[in-house]
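Engineer: One file is attached below, final23.txt, containing compact mmCIF, C-alpha atoms.
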# COMPACT_ATOMS: atom_id res chain seq x y z
CA MET M 748 0.00 0.00 0.00
CA THR M 749 2.89 2.37 0.86
CA GLN M 750 4.44 1.59 -2.53
CA LEU M 751 1.17 2.31 -4.27
CA ILE M 752 0.82 5.69 -2.56
CA PHE M 753 4.48 6.55 -3.29
CA PHE M 754 4.23 5.84 -7.03
CA ILE M 755 0.87 7.57 -7.37
CA LEU M 756 2.31 10.61 -5.59
CA VAL M 757 5.34 10.70 -7.92
CA GLY M 758 3.03 10.49 -10.95
CA LEU M 759 0.67 13.19 -9.69
CA LEU M 760 3.58 15.42 -8.67
CA LEU M 761 5.00 15.16 -12.16
CA ILE M 762 1.67 16.03 -13.78
CA ALA M 763 1.20 18.98 -11.40
CA SER M 764 4.72 20.30 -11.98
CA VAL M 765 4.32 20.04 -15.76
CA PHE M 766 1.16 22.14 -15.54
CA LEU M 767 2.82 24.62 -13.19
CA MET M 768 5.70 25.00 -15.59
CA MET M 769 3.35 25.61 -18.49
CA ALA M 770 1.58 28.25 -16.43
CA ARG M 771 4.72 30.37 -16.07
CA ARG M 772 4.16 32.37 -19.19
CA GLY M 773 5.38 35.77 -20.25
CA ARG M 774 8.78 35.61 -18.63
CA LYS M 775 11.21 37.31 -20.86
CA ALA M 776 14.78 36.15 -21.10
CA GLU M 777 16.87 37.84 -18.49
CA GLY M 778 20.55 38.46 -18.16
CA GLY M 779 20.82 41.58 -20.29
CA ALA M 780 21.35 45.21 -19.43
CA GLN M 781 17.92 45.51 -17.81
CA ALA M 782 18.83 42.88 -15.22
CA LEU M 783 21.98 44.81 -14.45
CA VAL M 784 20.01 48.00 -13.90
CA ASP M 785 17.39 46.17 -11.80
CA ALA M 786 20.08 44.67 -9.57
CA ARG M 787 21.73 48.03 -9.12
CA HIS M 788 18.34 49.50 -8.28
CA ALA M 789 17.65 46.70 -5.78
CA LEU M 790 20.91 47.31 -3.95
CA SER M 791 20.41 51.07 -3.98
CA ALA M 792 16.89 50.65 -2.62
CA LEU M 793 18.11 48.39 0.17
CA GLN M 794 21.05 50.62 0.97
CA LEU M 795 19.46 54.04 0.78
CA ASP M 796 15.72 53.60 1.23
CA LEU M 797 14.89 50.49 3.21
CA LEU M 798 17.65 49.63 5.63
CA PRO M 799 18.99 52.88 7.12
CA SER M 800 18.74 52.54 10.90
CA GLU M 801 17.02 55.92 11.22
CA LEU M 802 14.16 54.79 9.01
CA VAL M 803 13.65 51.40 10.64
CA GLY M 804 14.05 52.92 14.07
CA ARG M 805 11.47 55.55 13.22
CA ILE M 806 8.95 53.04 11.87
CA LEU M 807 9.12 50.98 15.04
CA ALA M 808 9.91 53.64 17.64
CA MET M 809 8.31 52.92 21.01
CA ARG M 810 8.44 56.61 21.92
CA ASP M 811 5.77 57.45 19.38
CA SER M 812 3.57 54.68 20.71
CA GLU M 813 4.09 55.80 24.29
CA TYR M 814 3.26 59.38 23.40
CA ILE M 815 0.06 58.35 21.61
CA ARG M 816 -0.92 56.11 24.50
CA ALA M 817 -0.42 58.89 27.01
CA GLU M 818 -2.07 61.71 25.08
CA THR M 819 -4.89 60.30 22.96
CA SER M 820 -8.11 58.31 23.15
CA PRO M 821 -8.21 54.50 22.69
CA ARG M 822 -9.69 54.95 19.23
CA ILE M 823 -6.74 57.05 18.09
CA GLN M 824 -4.35 54.57 19.72
CA GLU M 825 -5.90 51.72 17.77
CA MET M 826 -5.75 53.71 14.56
CA PHE M 827 -2.08 54.55 15.19
CA ARG M 828 -1.23 50.92 15.92
CA ARG M 829 -2.98 49.77 12.74
CA GLU M 830 -1.10 52.31 10.63
CA ARG M 831 2.26 51.37 12.13
CA LYS M 832 1.59 47.72 11.49
CA ARG M 833 0.70 48.48 7.88
CA ILE M 834 3.89 50.47 7.39
CA ALA M 835 6.06 47.78 9.01
CA LEU M 836 4.49 45.09 6.81
CA SER M 837 4.99 47.22 3.73
CA TRP M 838 8.65 47.69 4.69
CA VAL M 839 9.29 43.94 5.01
CA ARG M 840 7.46 43.35 1.72
CA GLN M 841 9.71 45.81 -0.04
CA VAL M 842 12.88 44.34 1.48
CA ARG M 843 11.72 40.91 0.31
CA GLY M 844 11.05 42.28 -3.18
CA GLN M 845 14.57 43.68 -3.42
CA ILE M 846 16.09 40.39 -2.26
CA LEU M 847 14.10 38.65 -5.00
CA SER M 848 15.43 41.16 -7.49
CA LEU M 849 18.98 40.46 -6.34
CA ARG M 850 18.36 36.73 -6.71
CA ARG M 851 17.00 37.22 -10.23
CA PHE M 852 20.16 39.03 -11.15
CA HIS M 853 22.36 36.30 -9.70
CA LEU M 854 20.46 33.56 -11.53
CA GLY M 855 20.52 35.54 -14.76
CA ALA M 856 24.30 35.85 -14.54
CA ALA M 857 25.09 32.39 -13.15
CA ARG M 858 23.02 30.38 -15.64
CA SER M 859 25.27 31.48 -18.49
CA TYR M 860 28.50 30.85 -16.64
CA ALA M 861 29.97 27.47 -17.56
CA GLN M 862 32.49 27.41 -14.74
CA LEU M 863 29.99 27.80 -11.94
CA SER M 864 30.34 25.60 -8.90
CA PHE M 865 27.45 23.22 -8.28
CA ARG M 866 28.06 23.19 -4.53
CA THR M 867 28.19 26.98 -4.39
CA GLU M 868 24.96 27.24 -6.35
CA ILE M 869 23.20 24.88 -3.97
CA GLY M 870 24.57 26.84 -1.01
CA LEU M 871 23.40 30.15 -2.48
CA ALA M 872 19.99 28.73 -3.31
CA LEU M 873 19.63 27.71 0.34
CA ASP M 874 20.86 31.13 1.52
CA PHE M 875 18.34 32.97 -0.62
CA ALA M 876 15.60 30.61 0.47
CA ALA M 877 16.51 31.07 4.14
CA LEU M 878 16.52 34.85 3.85
CA LEU M 879 13.22 34.93 2.02
CA PHE M 880 11.79 32.58 4.63
CA ALA M 881 13.04 34.92 7.37
CA CYS M 882 11.17 37.76 5.67
CA ARG M 883 8.01 35.67 5.69
CA VAL M 884 8.46 34.85 9.38
CA LEU M 885 8.90 38.53 10.12
CA GLN M 886 5.76 39.35 8.14
CA VAL M 887 3.76 36.75 10.07
CA MET M 888 5.08 38.00 13.41
CA LEU M 889 4.28 41.60 12.55
CA TYR M 890 0.85 40.61 11.31
CA LEU M 891 -0.03 38.52 14.35
CA ARG M 892 1.68 40.39 17.16
CA GLY M 893 1.87 43.93 15.87
CA PRO M 894 4.78 46.29 15.16
CA TYR M 895 6.08 46.36 18.74
CA ALA M 896 6.14 42.63 19.33
CA VAL M 897 9.83 42.20 18.54
CA PRO M 898 11.66 44.26 21.15
CA ARG M 899 15.18 43.95 19.75
CA MET M 900 14.11 44.97 16.30
CA VAL M 901 15.33 48.55 16.36
CA GLU M 902 18.69 47.74 17.94
CA ALA M 903 19.41 44.82 15.61
CA THR M 904 18.23 46.79 12.63
CA ALA M 905 20.54 49.71 13.35
CA SER M 906 23.70 47.60 13.62
CA ALA M 907 22.87 45.24 10.75
CA ALA M 908 21.86 48.07 8.47
CA THR M 909 25.22 49.74 9.04
CA ARG M 910 27.05 46.52 8.16
CA LEU M 911 24.87 45.93 5.14
CA CYS M 912 25.47 49.42 3.84
CA SER M 913 29.23 48.91 3.79
CA VAL M 914 28.94 45.46 2.17
CA SER M 915 26.46 46.74 -0.38
CA GLU M 916 28.80 49.57 -1.24
CA LYS M 917 31.47 47.03 -2.19
CA SER M 918 28.89 44.81 -3.88
CA LEU M 919 28.08 47.53 -6.36
CA ALA M 920 31.41 46.80 -8.03
CA PHE M 921 30.14 43.51 -9.44
CA LEU M 922 27.36 45.34 -11.19
CA LYS M 923 29.72 47.29 -13.38
CA PRO M 924 29.92 45.98 -16.94
CA ALA M 925 33.20 45.21 -18.71
CA HIS M 926 33.01 48.45 -20.65
CA PRO M 927 31.47 50.72 -18.07
CA GLY M 928 30.92 53.92 -19.98
CA SER M 929 28.30 56.00 -18.32
CA TYR M 930 25.36 53.63 -18.71
CA LEU M 931 25.00 52.55 -15.11
CA ASP M 932 25.68 55.93 -13.63
CA HIS M 933 23.21 57.45 -16.00
CA SER M 934 20.60 54.80 -15.15
CA ALA M 935 21.15 55.15 -11.44
CA GLY M 936 20.94 58.89 -11.72
CA ALA M 937 17.70 58.63 -13.62
CA ALA M 938 16.21 56.13 -11.16
CA MET L 397 -14.76 -0.77 -30.95
CA LEU L 398 -13.48 1.74 -28.42
CA SER L 399 -10.05 0.11 -28.36
CA ALA L 400 -9.84 0.21 -32.15
CA THR L 401 -10.80 3.88 -32.21
CA ILE L 402 -8.07 4.70 -29.66
CA TRP L 403 -5.50 2.69 -31.64
CA TRP L 404 -6.34 4.32 -34.94
CA ALA L 405 -6.48 7.80 -33.40
CA GLY L 406 -2.97 7.23 -32.03
CA ILE L 407 -1.67 6.01 -35.37
CA PHE L 408 -3.28 8.92 -37.18
CA LEU L 409 -1.79 11.45 -34.75
CA GLU L 410 1.69 9.93 -34.99
CA VAL L 411 1.55 10.03 -38.78
CA ALA L 412 0.33 13.63 -38.67
CA ILE L 413 3.18 14.67 -36.32
CA LEU L 414 5.76 13.06 -38.60
CA PHE L 415 4.13 14.50 -41.70
CA ARG L 416 4.13 18.04 -40.29
CA GLY L 417 7.80 17.67 -39.30
CA PHE L 418 8.64 16.47 -42.78
CA GLN L 419 6.56 19.13 -44.51
CA GLY L 420 7.96 21.93 -42.34
CA LYS L 421 11.50 20.57 -42.81
CA PHE L 422 12.23 20.44 -39.10
CA LEU L 423 12.58 16.69 -38.64
CA SER L 424 16.32 17.13 -38.26
CA LYS L 425 15.90 19.93 -35.69
CA TYR L 426 14.27 17.53 -33.24
CA SER L 427 15.78 14.29 -34.46
CA PHE L 428 15.52 12.45 -31.12
CA PHE L 429 11.87 13.37 -30.70
CA TYR L 430 10.89 12.30 -34.22
CA ALA L 431 12.89 9.09 -33.81
CA TYR L 432 10.77 8.41 -30.74
CA CYS L 433 7.55 9.10 -32.67
CA MET L 434 8.69 6.83 -35.50
CA CYS L 435 9.55 4.11 -33.02
CA VAL L 436 6.11 4.33 -31.39
CA LEU L 437 4.42 4.26 -34.80
CA CYS L 438 6.42 1.19 -35.83
CA ALA L 439 5.32 -0.50 -32.61
CA TRP L 440 1.65 0.50 -32.83
CA VAL L 441 0.81 -0.61 -36.36
CA PRO L 442 1.86 -4.28 -36.04
CA GLY L 443 0.72 -4.19 -32.41
CA TYR L 444 -2.79 -3.29 -33.48
CA PHE L 445 -3.04 -6.16 -35.94
CA LEU L 446 -1.69 -8.62 -33.37
CA PHE L 447 -4.17 -7.28 -30.82
CA ALA L 448 -7.14 -7.32 -33.24
CA SER L 449 -6.41 -10.87 -34.38
CA GLY L 450 -6.13 -12.08 -30.77
CA SER L 451 -2.66 -13.44 -31.42
CA PRO L 452 -0.80 -14.88 -28.39
CA LEU L 453 2.26 -13.00 -29.65
CA TYR L 454 0.67 -9.70 -28.64
CA GLY L 455 1.77 -9.93 -24.99
CA ASN L 456 5.43 -10.38 -25.88
CA TRP L 457 5.23 -7.76 -28.61
CA TYR L 458 3.67 -5.28 -26.19
CA TRP L 459 6.43 -5.57 -23.58
CA VAL L 460 9.28 -5.45 -26.13
CA ALA L 461 7.70 -2.38 -27.78
CA GLN L 462 7.12 -0.69 -24.43
CA PHE L 463 10.71 -1.29 -23.36
CA ILE L 464 12.17 0.03 -26.62
CA SER L 465 9.92 3.11 -26.63
CA LEU L 466 10.83 3.74 -23.00
CA ILE L 467 14.53 3.74 -23.83
CA VAL L 468 14.06 5.87 -26.97
CA GLY L 469 11.89 8.20 -24.85
CA TYR L 470 15.05 9.39 -23.13
CA GLY L 471 15.72 11.13 -26.44
CA ILE L 472 13.09 13.68 -25.44
CA LEU L 473 15.17 14.51 -22.38
CA LEU L 474 18.16 14.94 -24.69
CA GLU L 475 16.11 17.35 -26.81
CA ILE L 476 15.41 19.40 -23.69
CA PHE L 477 19.13 19.53 -22.93
CA LYS L 478 19.98 20.37 -26.52
CA HIS L 479 17.40 23.10 -27.14
CA VAL L 480 16.53 24.56 -23.74
CA LEU L 481 19.63 24.16 -21.60
CA SER L 482 22.60 24.23 -23.94
CA PRO L 483 22.45 28.03 -24.54
CA TYR L 484 22.86 28.40 -20.77
CA PRO L 485 26.06 26.52 -19.86
CA GLY L 486 25.77 27.27 -16.15
CA ALA L 487 22.23 25.92 -15.85
CA GLU L 488 23.14 22.99 -18.09
CA LYS L 489 25.99 22.08 -15.77
CA VAL L 490 23.67 22.19 -12.75
CA ALA L 491 21.12 20.01 -14.60
CA ARG L 492 23.81 17.54 -15.65
CA ILE L 493 25.19 17.17 -12.12
CA THR L 494 21.66 16.95 -10.70
CA GLY L 495 20.95 14.16 -13.20
CA LEU L 496 24.09 12.30 -12.15
CA VAL L 497 23.22 12.69 -8.48
CA VAL L 498 19.68 11.42 -9.16
CA PHE L 499 21.09 8.47 -11.11
CA ALA L 500 23.54 7.64 -8.30
CA VAL L 501 20.77 7.78 -5.68
CA ILE L 502 18.48 5.56 -7.77
CA PHE L 503 21.29 3.12 -8.53
CA CYS L 504 22.28 2.84 -4.86
CA SER L 505 18.61 2.43 -3.86
CA ALA L 506 18.22 -0.35 -6.42
CA LEU L 507 21.23 -2.14 -4.92
CA ILE L 508 20.26 -1.64 -1.29
CA TYR L 509 16.47 -2.12 -1.49
CA PRO L 510 16.52 -5.90 -2.23
CA LEU L 511 18.70 -6.41 0.85
CA LEU L 512 16.30 -4.54 3.11
CA ALA L 513 13.00 -5.58 1.51
CA PRO L 514 11.04 -8.49 3.01
CA GLN L 515 11.59 -11.84 1.32
CA GLY L 516 9.39 -12.56 -1.66
CA SER L 517 9.01 -8.94 -2.69
CA GLY L 518 11.99 -9.28 -5.02
CA SER L 519 10.08 -11.28 -7.59
CA GLY L 520 9.07 -8.32 -9.76
CA THR L 521 6.60 -8.61 -12.63
CA MET L 522 6.92 -6.84 -15.98
CA VAL L 523 4.39 -4.27 -14.78
CA GLU L 524 6.54 -3.51 -11.74
CA PHE L 525 9.65 -3.33 -13.92
CA GLU L 526 8.03 -0.82 -16.28
CA ARG L 527 6.67 1.13 -13.31
CA ASP L 528 10.18 1.40 -11.84
CA LEU L 529 11.69 2.52 -15.15
CA ARG L 530 8.93 5.11 -15.62
CA THR L 531 9.62 6.36 -12.10
CA VAL L 532 13.28 6.92 -13.02
CA GLN L 533 12.15 8.85 -16.10
CA ALA L 534 9.70 10.88 -14.01
CA VAL L 535 12.42 11.81 -11.52
CA PHE L 536 14.75 12.88 -14.35
CA ILE L 537 12.06 15.04 -15.97
CA PHE L 538 11.21 16.51 -12.60
CA ALA L 539 14.87 17.38 -11.89
CA ILE L 540 15.36 18.99 -15.30
CA MET L 541 12.16 21.00 -14.94
CA ALA L 542 13.24 22.16 -11.48
CA VAL L 543 16.51 23.51 -12.92
CA ILE L 544 14.73 25.19 -15.85
CA SER L 545 12.23 26.75 -13.50
CA TYR L 546 14.81 27.85 -10.91
CA TYR L 547 17.00 29.59 -13.50
CA ARG L 548 13.90 31.02 -15.19
CA ILE L 549 14.96 29.73 -18.58
CA PRO L 550 12.45 30.63 -21.26
CA ILE L 551 10.91 27.75 -23.23
CA GLY L 552 9.60 28.07 -26.77
CA ARG L 553 6.34 26.67 -28.07
CA ASN L 554 7.84 23.47 -29.51
CA MET L 555 9.76 22.50 -26.39
CA ARG L 556 6.88 23.51 -24.14
CA GLY L 557 4.60 21.12 -25.98
CA MET L 558 7.20 18.36 -25.95
CA VAL L 559 7.69 18.63 -22.18
CA LEU L 560 3.96 18.94 -21.47
CA GLY L 561 3.01 15.97 -23.64
CA TYR L 562 5.72 13.67 -22.39
CA GLY L 563 5.36 14.72 -18.76
CA LEU L 564 1.62 14.04 -18.84
CA TYR L 565 2.12 10.67 -20.49
CA ILE L 566 4.79 9.58 -18.00
CA GLY L 567 2.75 10.82 -15.03
CA THR L 568 -0.43 9.07 -16.18
CA SER L 569 1.46 5.88 -17.03
CA LEU L 570 3.08 5.86 -13.63
CA VAL L 571 -0.25 6.17 -11.82
CA SER L 572 -1.80 3.44 -14.03
CA LEU L 573 1.17 1.10 -13.58
CA ALA L 574 1.20 1.67 -9.81
CA VAL L 575 -2.49 0.76 -9.55
CA ARG L 576 -2.07 -2.15 -11.92
CA SER L 577 0.89 -3.61 -10.04
CA TYR L 578 -1.08 -3.34 -6.80
CA ALA L 579 -4.36 -4.84 -8.01
CA ASP L 580 -4.27 -5.88 -11.64
CA ALA L 581 -7.50 -7.81 -12.16
CA PRO L 582 -10.13 -5.17 -11.35
CA PHE L 583 -8.28 -2.59 -13.44
CA THR L 584 -7.47 -4.65 -16.54
CA GLU L 585 -10.18 -3.04 -18.66
CA VAL L 586 -9.47 0.44 -17.34
CA TRP L 587 -5.76 -0.04 -17.96
CA ARG L 588 -6.37 -0.99 -21.58
CA ILE L 589 -8.02 2.37 -22.10
CA VAL L 590 -6.16 4.79 -19.83
CA GLN L 591 -2.60 4.46 -21.10
CA PRO L 592 -3.40 4.57 -24.85
CA VAL L 593 -5.80 7.47 -24.29
CA SER L 594 -3.16 9.39 -22.36
CA TYR L 595 -0.71 8.73 -25.20
CA ASP L 596 -3.27 9.96 -27.75
CA PHE L 597 -3.76 13.08 -25.67
CA SER L 598 0.01 13.65 -25.53
CA SER L 599 0.24 13.11 -29.30
CA LEU L 600 -2.46 15.71 -29.80
CA ILE L 601 -0.48 18.19 -27.68
CA TRP L 602 2.65 17.42 -29.73
CA LEU L 603 0.78 17.85 -33.00
CA VAL L 604 -0.49 21.28 -31.97
CA ALA L 605 2.81 22.42 -30.43
CA LEU L 606 4.93 21.14 -33.32
CA TRP L 607 2.62 22.23 -36.11
CA SER L 608 5.30 24.69 -37.14
CA PHE L 609 8.88 25.32 -36.12
CA HIS L 610 9.35 27.73 -33.19
CA PRO L 611 12.97 27.78 -32.03
CA ASN L 612 13.62 28.25 -28.36
CA PRO L 613 14.12 31.94 -27.46
CA ALA L 614 17.79 32.81 -27.67
CA PRO L 615 19.32 34.23 -24.49
CA GLU L 616 19.92 37.94 -24.38
CA SER L 617 23.54 38.97 -24.41
CA ALA L 618 25.10 37.76 -21.20
CA ILE L 619 26.20 40.29 -18.65
CA LYS L 620 29.90 40.97 -18.97
CA LEU L 621 31.10 41.37 -15.44
CA GLU L 622 34.40 42.89 -14.58
CA GLY L 623 35.08 40.07 -12.19
CA ASP L 624 34.40 36.39 -12.65
CA TYR L 625 31.79 34.09 -11.18
CA GLU L 626 33.75 33.59 -7.96
CA ARG L 627 33.72 37.29 -7.34
CA LEU L 628 30.02 37.52 -8.04
CA VAL L 629 29.27 34.62 -5.70
CA THR L 630 31.50 35.96 -2.91
CA ARG L 631 29.84 39.33 -2.93
CA VAL L 632 26.28 38.07 -3.25
CA ARG L 633 26.98 35.61 -0.44
CA ARG L 634 28.41 38.35 1.78
CA THR L 635 25.37 40.50 1.19
CA LEU L 636 23.11 37.57 1.97
CA GLY L 637 25.07 36.72 5.12
CA THR L 638 24.73 40.24 6.42
CA MET L 639 21.04 40.33 5.64
CA ARG L 640 20.50 36.96 7.29
CA THR L 641 22.20 38.19 10.47
CA TYR L 642 20.00 41.21 10.28
CA PHE L 643 16.80 39.21 10.04
CA VAL L 644 17.76 36.62 12.62
CA GLY L 645 18.63 39.44 15.02
CA THR L 646 15.38 41.10 14.19
CA VAL L 647 13.12 38.10 14.64
CA ARG L 648 14.76 36.87 17.87
CA PRO L 649 12.95 38.46 20.86
Give the structure from the file, written as structure tokens.
Structural biologist:
Amino acid sequence: MTQLIFFILVGLLLIASVFLMMARRGRKAEGGAQALVDARHALSALQLDLLPSELVGRILAMRDSEYIRAETSPRIQEMFRRERKRIALSWVRQVRGQILSLRRFHLGAARSYAQLSFRTEIGLALDFAALLFACRVLQVMLYLRGPYAVPRMVEATASAATRLCSVSEKSLAFLKPAHPGSYLDHSAGAA
Amino acid sequence: MLSATIWWAGIFLEVAILFRGFQGKFLSKYSFFYAYCMCVLCAWVPGYFLFASGSPLYGNWYWVAQFISLIVGYGILLEIFKHVLSPYPGAEKVARITGLVVFAVIFCSALIYPLLAPQGSGSGTMVEFERDLRTVQAVFIFAIMAVISYYRIPIGRNMRGMVLGYGLYIGTSLVSLAVRSYADAPFTEVWRIVQPVSYDFSSLIWLVALWSFHPNPAPESAIKLEGDYERLVTRVRRTLGTMRTYFVGTVRP
């Protein structure tokens, strides 16, 4: 009976995956200049817009909450809490989107590179998956327990964001094409 | 009557697929696939007459034909490598190594399983043998599709149809063979219909998808990085590591 279930599952899984694959329509080939610009944009967005400690600290600042709690009615407090939660969720969603963009760039570049390392690719795939999973966990926690449910958030964010900024700065080098010209700078300036 | 209709529909579809390939002059573009179609056609025509005449040779003919078509069917996987993966050497390498790993795992399982299995379960029938071989094929297709999907490699109309048709046929065959090897008698009549119908359906998909030649989309010009792959990986990994620390620190209360 176990055998029967196993083989039926393999068969059904194959049929389902074939249909899923057919459903992924409209994906244009990546790996060209657009991917380069997107990756640069993703890193810039993470570095300048999403991860600065001031921003994250401001989104999740307890002082604001304490002030609202002390000075306003319960209805206003609830409205404030709802808004903060919405902003925090939107922030995590955007961080996740930029990580996905970075992954797209990596896959677009790696798939054409004959000398890639299989082990490294598997490791990176797991890293990306873990990070994206962490984003999901954060989203669920924020959704269920509200924006102030993770006490160390601001502190951890500030230090990690500083580290990420310096690493991202160096990472930008790998986004420069062989014949740089002014394309990237121009694109980044326009973005 | 129903069986005859299914047989003739299959033969007609196979002929039509080959005719369109010949007429459109793209038989040589997908040589492995058309060799498979030709092989199936060569098995079906005499098979039908043996079946219709109630010849005792039909049973033997069926299993020999199934085994040959199963082996030639691997040509479709080669077509996927040739047309979908070969323009992307990195993804092709990952698919090739994944295939080898899958083969090694299956080979080791085949060696170890008889030692661990309860006595008496080693006496496999032809149905079980075909089921096992189809499972290997299914796992290979699944692995290749996973790589194609992960690297977001675009697939053209021809290859899309080829993968869809063959994947459906293998999946349906596997389910039928699993049920048949578990309880043959009650499903004999159903079995006679299900597998040929699923093959007819796959042939119909192939006929539509391969009505005309649509080459797989060529990759856009690859990004020319200043550094090499190692540099790319090191920096992406460092960025990821930092971000992971960030999120772990964030989530931990």
Engineer: Kindly indicate which residue among M:Ala872, M:Ile806, M:Leu889, M:Met768 lies nearest to Met555 (chain L), using only C-alpha atoms for the distances.
Structural biologist: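 Using only C-alpha atoms, the shortest distance to Met555 (chain L) belongs to M:Met768.
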Engineer: Taking the point (-3.4, -1.2, -7.0) as given in the file, collect each protein or nucleic acid residue that comes within 12 Å of it, counting all atoms listed in the file, and present the set as a list in words.
Structural biologist: Met748, Thr749, Gln750, Leu751, Ile752, Phe753, Phe754 and Ile755 of chain M; Val523, Glu524, Leu570, Val571, Ser572, Leu573, Ala574, Val575, Arg576, Ser577, Tyr578, Ala579, Asp580, Ala581, Pro582, Phe583, Thr584 and Trp587 of chain L
Engineer: So that I can check the surroundings of region 539-546 of chain L, please list as a PyMOL selection string every protein, DNA and RNA residue that reaches within 9 Å of it, counting only C-alpha atoms and ignoring chain neighbours fewer than 5 positions away.
Structural biologist: (chain M and resi 764-765+768+771+854) or (chain L and resi 473+476-477+480-481+487-488+490-492+494-495+498+534+551+559)
Engineer: Output C-alpha atoms for every residue in that selection, as a compact mmCIF listing (two decimals), in the frame of the given file.
Structural biologist:
# COMPACT_ATOMS: atom_id res chain seq x y z
CA SER M 764 4.72 20.30 -11.98
CA VAL M 765 4.32 20.04 -15.76
CA MET M 768 5.70 25.00 -15.59
CA ARG M 771 4.72 30.37 -16.07
CA LEU M 854 20.46 33.56 -11.53
CA LEU L 473 15.17 14.51 -22.38
CA ILE L 476 15.41 19.40 -23.69
CA PHE L 477 19.13 19.53 -22.93
CA VAL L 480 16.53 24.56 -23.74
CA LEU L 481 19.63 24.16 -21.60
CA ALA L 487 22.23 25.92 -15.85
CA GLU L 488 23.14 22.99 -18.09
CA VAL L 490 23.67 22.19 -12.75
CA ALA L 491 21.12 20.01 -14.60
CA ARG L 492 23.81 17.54 -15.65
CA THR L 494 21.66 16.95 -10.70
CA GLY L 495 20.95 14.16 -13.20
CA VAL L 498 19.68 11.42 -9.16
CA ALA L 534 9.70 10.88 -14.01
CA ILE L 551 10.91 27.75 -23.23
CA VAL L 559 7.69 18.63 -22.18
Engineer: Record the distance separating CA of Met826 (chain M) and CA of Pro894 (chain M), expressed in Å with one decimal.
Structural biologist: 12.9 Å
Engineer: Quote the spacing between CA of Leu511 (chain L) and CA of Phe463 (chain L) in Å to one decimal place.
Structural biologist: 26.0 Å
Engineer: Using all atoms listed in the file, which of L:Val586, L:Met522, L:Cys435, L:Ile566 sits nearest Asn456 (chain L)?
Structural biologist: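 Closest residue, counting all atoms listed in the file: L:Met522.
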Engineer: Give me, please, the distance in Å between CA of Pro615 (chain L) and CA of Leu873 (chain M), quoted to one decimal.
Structural biologist: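 Distance reported for this atom pair: 25.7 Å.
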Engineer: Neighbouring residues of Ala400 (chain L) were defined as those with any atom within 10 Å, considering all atoms listed in the file; residues of the same chain fewer than 5 positions away were excluded. Please report them as an NGL selection string.
Structural biologist: :L and (405-406 or 444 or 447-448)
Engineer: Do you know which residues are at most 10 Å from region 419-423 of chain L counting all atoms listed in the file, after dropping those on the same chain fewer than 3 positions away, and could you put them as a PyMOL selection string?
Structural biologist: chain L and resi 413-416+426-431+606-610
Engineer: Save the residues we just selected, C-alpha atoms, as an mmCIF file, in the frame of the given file?
Structural biologist:
data_model
loop_
_atom_site.group_PDB
_atom_site.id
_atom_site.type_symbol
_atom_site.label_atom_id
_atom_site.label_comp_id
_atom_site.auth_asym_id
_atom_site.auth_seq_id
_atom_site.Cartn_x
_atom_site.Cartn_y
_atom_site.Cartn_z
ATOM 1 C CA ILE L 413 3.180 14.670 -36.320
ATOM 2 C CA LEU L 414 5.760 13.060 -38.600
ATOM 3 C CA PHE L 415 4.130 14.500 -41.700
ATOM 4 C CA ARG L 416 4.130 18.040 -40.290
ATOM 5 C CA TYR L 426 14.270 17.530 -33.240
ATOM 6 C CA SER L 427 15.780 14.290 -34.460
ATOM 7 C CA PHE L 428 15.520 12.450 -31.120
ATOM 8 C CA PHE L 429 11.870 13.370 -30.700
ATOM 9 C CA TYR L 430 10.890 12.300 -34.220
ATOM 10 C CA ALA L 431 12.890 9.090 -33.810
ATOM 11 C CA LEU L 606 4.930 21.140 -33.320
ATOM 12 C CA TRP L 607 2.620 22.230 -36.110
ATOM 13 C CA SER L 608 5.300 24.690 -37.140
ATOM 14 C CA PHE L 609 8.880 25.320 -36.120
ATOM 15 C CA HIS L 610 9.350 27.730 -33.190
#
Engineer: Any chance you could export region 752-759 of chain M with N, CA and C atoms, as an mmCIF file, in the first residue's frame?
Structural biologist:
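Once everything was written out, this is out.cif:
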data_model
loop_
_atom_site.group_PDB
_atom_site.id
_atom_site.type_symbol
_atom_site.label_atom_id
_atom_site.label_comp_id
_atom_site.auth_asym_id
_atom_site.auth_seq_id
_atom_site.Cartn_x
_atom_site.Cartn_y
_atom_site.Cartn_z
ATOM 1 N N ILE M 752 0.963 4.257 -2.842
ATOM 2 C CA ILE M 752 0.823 5.692 -2.562
ATOM 3 C C ILE M 752 2.045 6.455 -3.081
ATOM 4 N N PHE M 753 3.239 5.889 -2.856
ATOM 5 C CA PHE M 753 4.475 6.548 -3.294
ATOM 6 C C PHE M 753 4.475 6.787 -4.812
ATOM 7 N N PHE M 754 4.174 5.705 -5.567
ATOM 8 C CA PHE M 754 4.227 5.837 -7.033
ATOM 9 C C PHE M 754 3.127 6.753 -7.562
ATOM 10 N N ILE M 755 1.959 6.674 -6.940
ATOM 11 C CA ILE M 755 0.871 7.570 -7.371
ATOM 12 C C ILE M 755 1.267 9.022 -7.087
ATOM 13 N N LEU M 756 1.878 9.242 -5.939
ATOM 14 C CA LEU M 756 2.311 10.608 -5.594
ATOM 15 C C LEU M 756 3.348 11.133 -6.588
ATOM 16 N N VAL M 757 4.312 10.280 -6.947
ATOM 17 C CA VAL M 757 5.339 10.703 -7.919
ATOM 18 C C VAL M 757 4.663 11.084 -9.244
ATOM 19 N N GLY M 758 3.739 10.236 -9.681
ATOM 20 C CA GLY M 758 3.029 10.493 -10.946
ATOM 21 C C GLY M 758 2.248 11.795 -10.901
ATOM 22 N N LEU M 759 1.497 11.988 -9.805
ATOM 23 C CA LEU M 759 0.672 13.193 -9.694
ATOM 24 C C LEU M 759 1.545 14.448 -9.558
#
